[in-house]
Amino acid sequence: MKWLMEFYNERRGVLARYGIEAPLPAAAARLGRNAVLADYPSPPRKSRLSLFERAERIGGQDASGWVLYRIVQEDAHASPDAVPAHAA
């Protein structure tokens, strides 16, 4: 199955779109995340993490700042804007 996905990084203000071949949405999400991290690597850190950044990581936030914004199964009849990720 082919999945169309969008990842958003609020800190950078970037929306990245990918088409991923995978049997299940969870596998597509992993592959898409690997793709977005390869295309947009995190800049090297010059200092230690702040207390706030450490708390974000503990609370489940990803250090890279990328969030899966939308994932839909590619279909000839459907638009990629049809279903947001939070509704799936």
# chains A, B, ... in the order shown; residues from 1 in each chain; ligands from 1
call {"tool": "residues_around", "arguments": {"residues": "Ser64 of chain A", "least_positions_apart": "2", "cutoff": "10 Å", "atoms": "only C-alpha atoms", "output": "JSON list (two decimals) with all heavy atoms, in the first residue's frame"}}
result
[["chain", "number", "residue", "atom", "x", "y", "z"],
["A", 9, "ASN", "N", 7.32, 20.64, 11.27],
["A", 9, "ASN", "CA", 8.26, 21.05, 12.30],
["A", 9, "ASN", "C", 7.96, 22.51, 12.63],
["A", 9, "ASN", "O", 8.22, 23.41, 11.81],
["A", 9, "ASN", "CB", 9.70, 20.89, 11.82],
["A", 9, "ASN", "CG", 10.69, 21.10, 12.92],
["A", 9, "ASN", "OD1", 10.61, 22.08, 13.66],
["A", 9, "ASN", "ND2", 11.64, 20.20, 13.04],
["A", 11, "ARG", "N", 9.24, 24.51, 14.95],
["A", 11, "ARG", "CA", 10.41, 25.35, 15.18],
["A", 11, "ARG", "C", 11.00, 25.88, 13.88],
["A", 11, "ARG", "O", 11.44, 27.02, 13.80],
["A", 11, "ARG", "CB", 11.49, 24.55, 15.92],
["A", 11, "ARG", "CG", 11.20, 24.38, 17.38],
["A", 11, "ARG", "CD", 12.34, 23.65, 18.04],
["A", 11, "ARG", "NE", 11.76, 22.42, 18.58],
["A", 11, "ARG", "CZ", 12.41, 21.33, 18.86],
["A", 11, "ARG", "NH1", 13.70, 21.26, 18.64],
["A", 11, "ARG", "NH2", 11.81, 20.28, 19.36],
["A", 37, "LEU", "N", 13.98, 12.79, 8.73],
["A", 37, "LEU", "CA", 15.21, 13.04, 9.48],
["A", 37, "LEU", "C", 16.43, 13.00, 8.57],
["A", 37, "LEU", "O", 17.42, 13.71, 8.82],
["A", 37, "LEU", "CB", 15.35, 12.04, 10.63],
["A", 37, "LEU", "CG", 14.33, 12.19, 11.75],
["A", 37, "LEU", "CD1", 14.50, 11.08, 12.79],
["A", 37, "LEU", "CD2", 14.43, 13.56, 12.41],
["A", 40, "TYR", "N", 16.12, 16.43, 6.57],
["A", 40, "TYR", "CA", 16.25, 17.62, 7.42],
["A", 40, "TYR", "C", 16.96, 17.24, 8.72],
["A", 40, "TYR", "O", 16.35, 17.16, 9.77],
["A", 40, "TYR", "CB", 14.88, 18.19, 7.76],
["A", 40, "TYR", "CG", 14.09, 18.63, 6.56],
["A", 40, "TYR", "CD1", 13.18, 17.78, 5.94],
["A", 40, "TYR", "CD2", 14.25, 19.91, 6.03],
["A", 40, "TYR", "CE1", 12.46, 18.18, 4.83],
["A", 40, "TYR", "CE2", 13.52, 20.32, 4.93],
["A", 40, "TYR", "CZ", 12.63, 19.44, 4.33],
["A", 40, "TYR", "OH", 11.92, 19.84, 3.24],
["A", 41, "PRO", "N", 18.28, 16.99, 8.66],
["A", 41, "PRO", "CA", 18.99, 16.60, 9.89],
["A", 41, "PRO", "C", 18.98, 17.73, 10.92],
["A", 41, "PRO", "O", 18.94, 18.91, 10.58],
["A", 41, "PRO", "CB", 20.40, 16.30, 9.41],
["A", 41, "PRO", "CG", 20.54, 17.00, 8.11],
["A", 41, "PRO", "CD", 19.16, 17.13, 7.52],
["A", 42, "SER", "N", 19.00, 17.34, 12.17],
["A", 42, "SER", "CA", 19.05, 18.32, 13.25],
["A", 42, "SER", "C", 20.41, 18.99, 13.26],
["A", 42, "SER", "O", 21.43, 18.34, 13.05],
["A", 42, "SER", "CB", 18.82, 17.63, 14.60],
["A", 42, "SER", "OG", 17.53, 17.09, 14.64],
["A", 43, "PRO", "N", 20.43, 20.30, 13.50],
["A", 43, "PRO", "CA", 21.72, 20.98, 13.58],
["A", 43, "PRO", "C", 22.49, 20.49, 14.82],
["A", 43, "PRO", "O", 21.88, 20.10, 15.81],
["A", 43, "PRO", "CB", 21.35, 22.46, 13.72],
["A", 43, "PRO", "CG", 19.93, 22.48, 14.15],
["A", 43, "PRO", "CD", 19.31, 21.19, 13.71],
["A", 61, "GLN", "N", 7.69, 14.44, 23.94],
["A", 61, "GLN", "CA", 8.03, 15.25, 22.79],
["A", 61, "GLN", "C", 9.28, 14.69, 22.12],
["A", 61, "GLN", "O", 10.19, 14.23, 22.78],
["A", 61, "GLN", "CB", 8.30, 16.70, 23.21],
["A", 61, "GLN", "CG", 7.09, 17.45, 23.64],
["A", 61, "GLN", "CD", 6.30, 17.97, 22.45],
["A", 61, "GLN", "OE1", 6.84, 18.13, 21.37],
["A", 61, "GLN", "NE2", 5.03, 18.19, 22.66],
["A", 62, "ASP", "N", 9.33, 14.77, 20.82],
["A", 62, "ASP", "CA", 10.49, 14.32, 20.08],
["A", 62, "ASP", "C", 11.51, 15.45, 20.01],
["A", 62, "ASP", "O", 11.15, 16.59, 19.76],
["A", 62, "ASP", "CB", 10.05, 13.90, 18.68],
["A", 62, "ASP", "CG", 11.20, 13.38, 17.87],
["A", 62, "ASP", "OD1", 11.80, 12.38, 18.28],
["A", 62, "ASP", "OD2", 11.52, 13.99, 16.84],
["A", 66, "TRP", "N", 9.88, 17.17, 14.78],
["A", 66, "TRP", "CA", 9.01, 16.72, 13.70],
["A", 66, "TRP", "C", 7.80, 15.98, 14.26],
["A", 66, "TRP", "O", 7.92, 15.15, 15.14],
["A", 66, "TRP", "CB", 9.75, 15.81, 12.73],
["A", 66, "TRP", "CG", 10.74, 16.57, 11.92],
["A", 66, "TRP", "CD1", 12.08, 16.64, 12.13],
["A", 66, "TRP", "CD2", 10.46, 17.39, 10.79],
["A", 66, "TRP", "NE1", 12.65, 17.46, 11.19],
["A", 66, "TRP", "CE2", 11.68, 17.93, 10.36],
["A", 66, "TRP", "CE3", 9.29, 17.73, 10.10],
["A", 66, "TRP", "CZ2", 11.77, 18.78, 9.27],
["A", 66, "TRP", "CZ3", 9.38, 18.57, 9.02],
["A", 66, "TRP", "CH2", 10.61, 19.09, 8.61],
["A", 67, "VAL", "N", 6.63, 16.29, 13.71],
["A", 67, "VAL", "CA", 5.37, 15.68, 14.12],
["A", 67, "VAL", "C", 4.68, 15.15, 12.87],
["A", 67, "VAL", "O", 4.63, 15.84, 11.84],
["A", 67, "VAL", "CB", 4.46, 16.72, 14.81],
["A", 67, "VAL", "CG1", 3.11, 16.14, 15.13],
["A", 67, "VAL", "CG2", 5.12, 17.26, 16.05]]
call {"tool": "atom_distance", "arguments": {"atom1": "atom CA of Leu68 of chain A", "atom2": "atom CA of Arg54 of chain A"}}
result
21.1 Å
call {"tool": "closest_residue", "arguments": {"among": "A:Ala55, A:Met1, A:Ala38, A:Ala63", "to": "Ala22 of chain A", "atoms": "only C-alpha atoms"}}
result
A:Met1
call {"tool": "select_by_dssp", "arguments": {"residues": "segment 2-85 of chain A", "states": "alpha helix (DSSP H)", "output": "number ranges by chain"}}
result
A: 25-39, 51-58
call {"tool": "atom_distance", "arguments": {"atom1": "atom CA of Tyr8 of chain A", "atom2": "atom CA of Tyr69 of chain A"}}
result
5.9 Å
call {"tool": "residues_around", "arguments": {"residues": "Ala29 of chain A", "least_positions_apart": "2", "cutoff": "10 Å", "atoms": "only C-alpha atoms", "output": "PDB file with N, CA, C and O atoms, in the first residue's frame"}}
result
ATOM      1  N   TRP A   3       1.169   5.157   1.120  1.00  0.00           N
ATOM      2  CA  TRP A   3       0.656   6.130   2.083  1.00  0.00           C
ATOM      3  C   TRP A   3       1.232   7.491   1.754  1.00  0.00           C
ATOM      4  O   TRP A   3       2.416   7.632   1.478  1.00  0.00           O
ATOM      5  N   LEU A   4       0.389   8.507   1.785  1.00  0.00           N
ATOM      6  CA  LEU A   4       0.839   9.888   1.634  1.00  0.00           C
ATOM      7  C   LEU A   4       0.877  10.503   3.026  1.00  0.00           C
ATOM      8  O   LEU A   4      -0.087  10.418   3.779  1.00  0.00           O
ATOM      9  N   MET A   5       2.005  11.090   3.372  1.00  0.00           N
ATOM     10  CA  MET A   5       2.184  11.617   4.725  1.00  0.00           C
ATOM     11  C   MET A   5       2.749  13.019   4.691  1.00  0.00           C
ATOM     12  O   MET A   5       3.480  13.380   3.775  1.00  0.00           O
ATOM     13  N   GLU A   6       2.417  13.766   5.735  1.00  0.00           N
ATOM     14  CA  GLU A   6       2.971  15.100   5.927  1.00  0.00           C
ATOM     15  C   GLU A   6       3.526  15.183   7.343  1.00  0.00           C
ATOM     16  O   GLU A   6       2.868  14.775   8.297  1.00  0.00           O
ATOM     17  N   PHE A   7       4.730  15.693   7.434  1.00  0.00           N
ATOM     18  CA  PHE A   7       5.372  15.940   8.722  1.00  0.00           C
ATOM     19  C   PHE A   7       5.551  17.443   8.861  1.00  0.00           C
ATOM     20  O   PHE A   7       5.874  18.131   7.897  1.00  0.00           O
ATOM     21  N   ILE A  20       5.040   6.899   0.808  1.00  0.00           N
ATOM     22  CA  ILE A  20       5.759   5.757   1.377  1.00  0.00           C
ATOM     23  C   ILE A  20       5.011   4.469   1.059  1.00  0.00           C
ATOM     24  O   ILE A  20       3.803   4.400   1.225  1.00  0.00           O
ATOM     25  N   ALA A  22       4.277   0.857   2.320  1.00  0.00           N
ATOM     26  CA  ALA A  22       4.333   0.051   3.543  1.00  0.00           C
ATOM     27  C   ALA A  22       3.003  -0.680   3.708  1.00  0.00           C
ATOM     28  O   ALA A  22       1.963  -0.180   3.276  1.00  0.00           O
ATOM     29  N   LEU A  24       1.311  -1.304   6.566  1.00  0.00           N
ATOM     30  CA  LEU A  24       0.470  -0.724   7.623  1.00  0.00           C
ATOM     31  C   LEU A  24       0.859   0.728   7.885  1.00  0.00           C
ATOM     32  O   LEU A  24       2.003   1.128   7.642  1.00  0.00           O
ATOM     33  N   PRO A  25      -0.068   1.523   8.435  1.00  0.00           N
ATOM     34  CA  PRO A  25       0.251   2.931   8.717  1.00  0.00           C
ATOM     35  C   PRO A  25       1.398   3.098   9.716  1.00  0.00           C
ATOM     36  O   PRO A  25       2.193   4.031   9.595  1.00  0.00           O
ATOM     37  N   ALA A  26       1.509   2.205  10.699  1.00  0.00           N
ATOM     38  CA  ALA A  26       2.591   2.334  11.688  1.00  0.00           C
ATOM     39  C   ALA A  26       3.954   2.160  11.020  1.00  0.00           C
ATOM     40  O   ALA A  26       4.910   2.892  11.327  1.00  0.00           O
ATOM     41  N   ALA A  27       4.050   1.207  10.102  1.00  0.00           N
ATOM     42  CA  ALA A  27       5.306   0.997   9.380  1.00  0.00           C
ATOM     43  C   ALA A  27       5.600   2.194   8.480  1.00  0.00           C
ATOM     44  O   ALA A  27       6.751   2.639   8.369  1.00  0.00           O
ATOM     45  N   LEU A  31       8.950   4.687   8.495  1.00  0.00           N
ATOM     46  CA  LEU A  31       9.737   4.953   7.299  1.00  0.00           C
ATOM     47  C   LEU A  31       9.710   6.439   6.922  1.00  0.00           C
ATOM     48  O   LEU A  31      10.723   7.009   6.518  1.00  0.00           O
ATOM     49  N   GLY A  32       8.556   7.067   7.069  1.00  0.00           N
ATOM     50  CA  GLY A  32       8.437   8.492   6.784  1.00  0.00           C
ATOM     51  C   GLY A  32       9.273   9.328   7.730  1.00  0.00           C
ATOM     52  O   GLY A  32       9.917  10.300   7.323  1.00  0.00           O
ATOM     53  N   ARG A  33       9.264   8.946   8.994  1.00  0.00           N
ATOM     54  CA  ARG A  33      10.071   9.665   9.989  1.00  0.00           C
ATOM     55  C   ARG A  33      11.564   9.554   9.660  1.00  0.00           C
ATOM     56  O   ARG A  33      12.301  10.534   9.745  1.00  0.00           O
ATOM     57  N   ASN A  34      11.992   8.347   9.261  1.00  0.00           N
ATOM     58  CA  ASN A  34      13.395   8.170   8.863  1.00  0.00           C
ATOM     59  C   ASN A  34      13.731   9.048   7.657  1.00  0.00           C
ATOM     60  O   ASN A  34      14.809   9.632   7.588  1.00  0.00           O
ATOM     61  N   ALA A  35      12.787   9.154   6.712  1.00  0.00           N
ATOM     62  CA  ALA A  35      13.011   9.971   5.518  1.00  0.00           C
ATOM     63  C   ALA A  35      13.124  11.455   5.869  1.00  0.00           C
ATOM     64  O   ALA A  35      14.004  12.154   5.364  1.00  0.00           O
ATOM     65  N   LEU A  68       4.134  13.923  12.948  1.00  0.00           N
ATOM     66  CA  LEU A  68       3.327  13.394  11.850  1.00  0.00           C
ATOM     67  C   LEU A  68       2.029  14.170  11.850  1.00  0.00           C
ATOM     68  O   LEU A  68       1.214  14.063  12.759  1.00  0.00           O
ATOM     69  N   ARG A  70      -0.228  14.456   9.036  1.00  0.00           N
ATOM     70  CA  ARG A  70      -1.324  13.844   8.275  1.00  0.00           C
ATOM     71  C   ARG A  70      -0.816  12.583   7.585  1.00  0.00           C
ATOM     72  O   ARG A  70       0.302  12.555   7.091  1.00  0.00           O
ATOM     73  N   ILE A  71      -1.651  11.530   7.580  1.00  0.00           N
ATOM     74  CA  ILE A  71      -1.344  10.310   6.835  1.00  0.00           C
ATOM     75  C   ILE A  71      -2.642   9.813   6.208  1.00  0.00           C
ATOM     76  O   ILE A  71      -3.673   9.761   6.872  1.00  0.00           O
TER      77      ILE A  71
END
call {"tool": "atom_distance", "arguments": {"atom1": "atom CA of Ala28 of chain A", "atom2": "atom CA of Gly65 of chain A"}}
result
18.6 Å
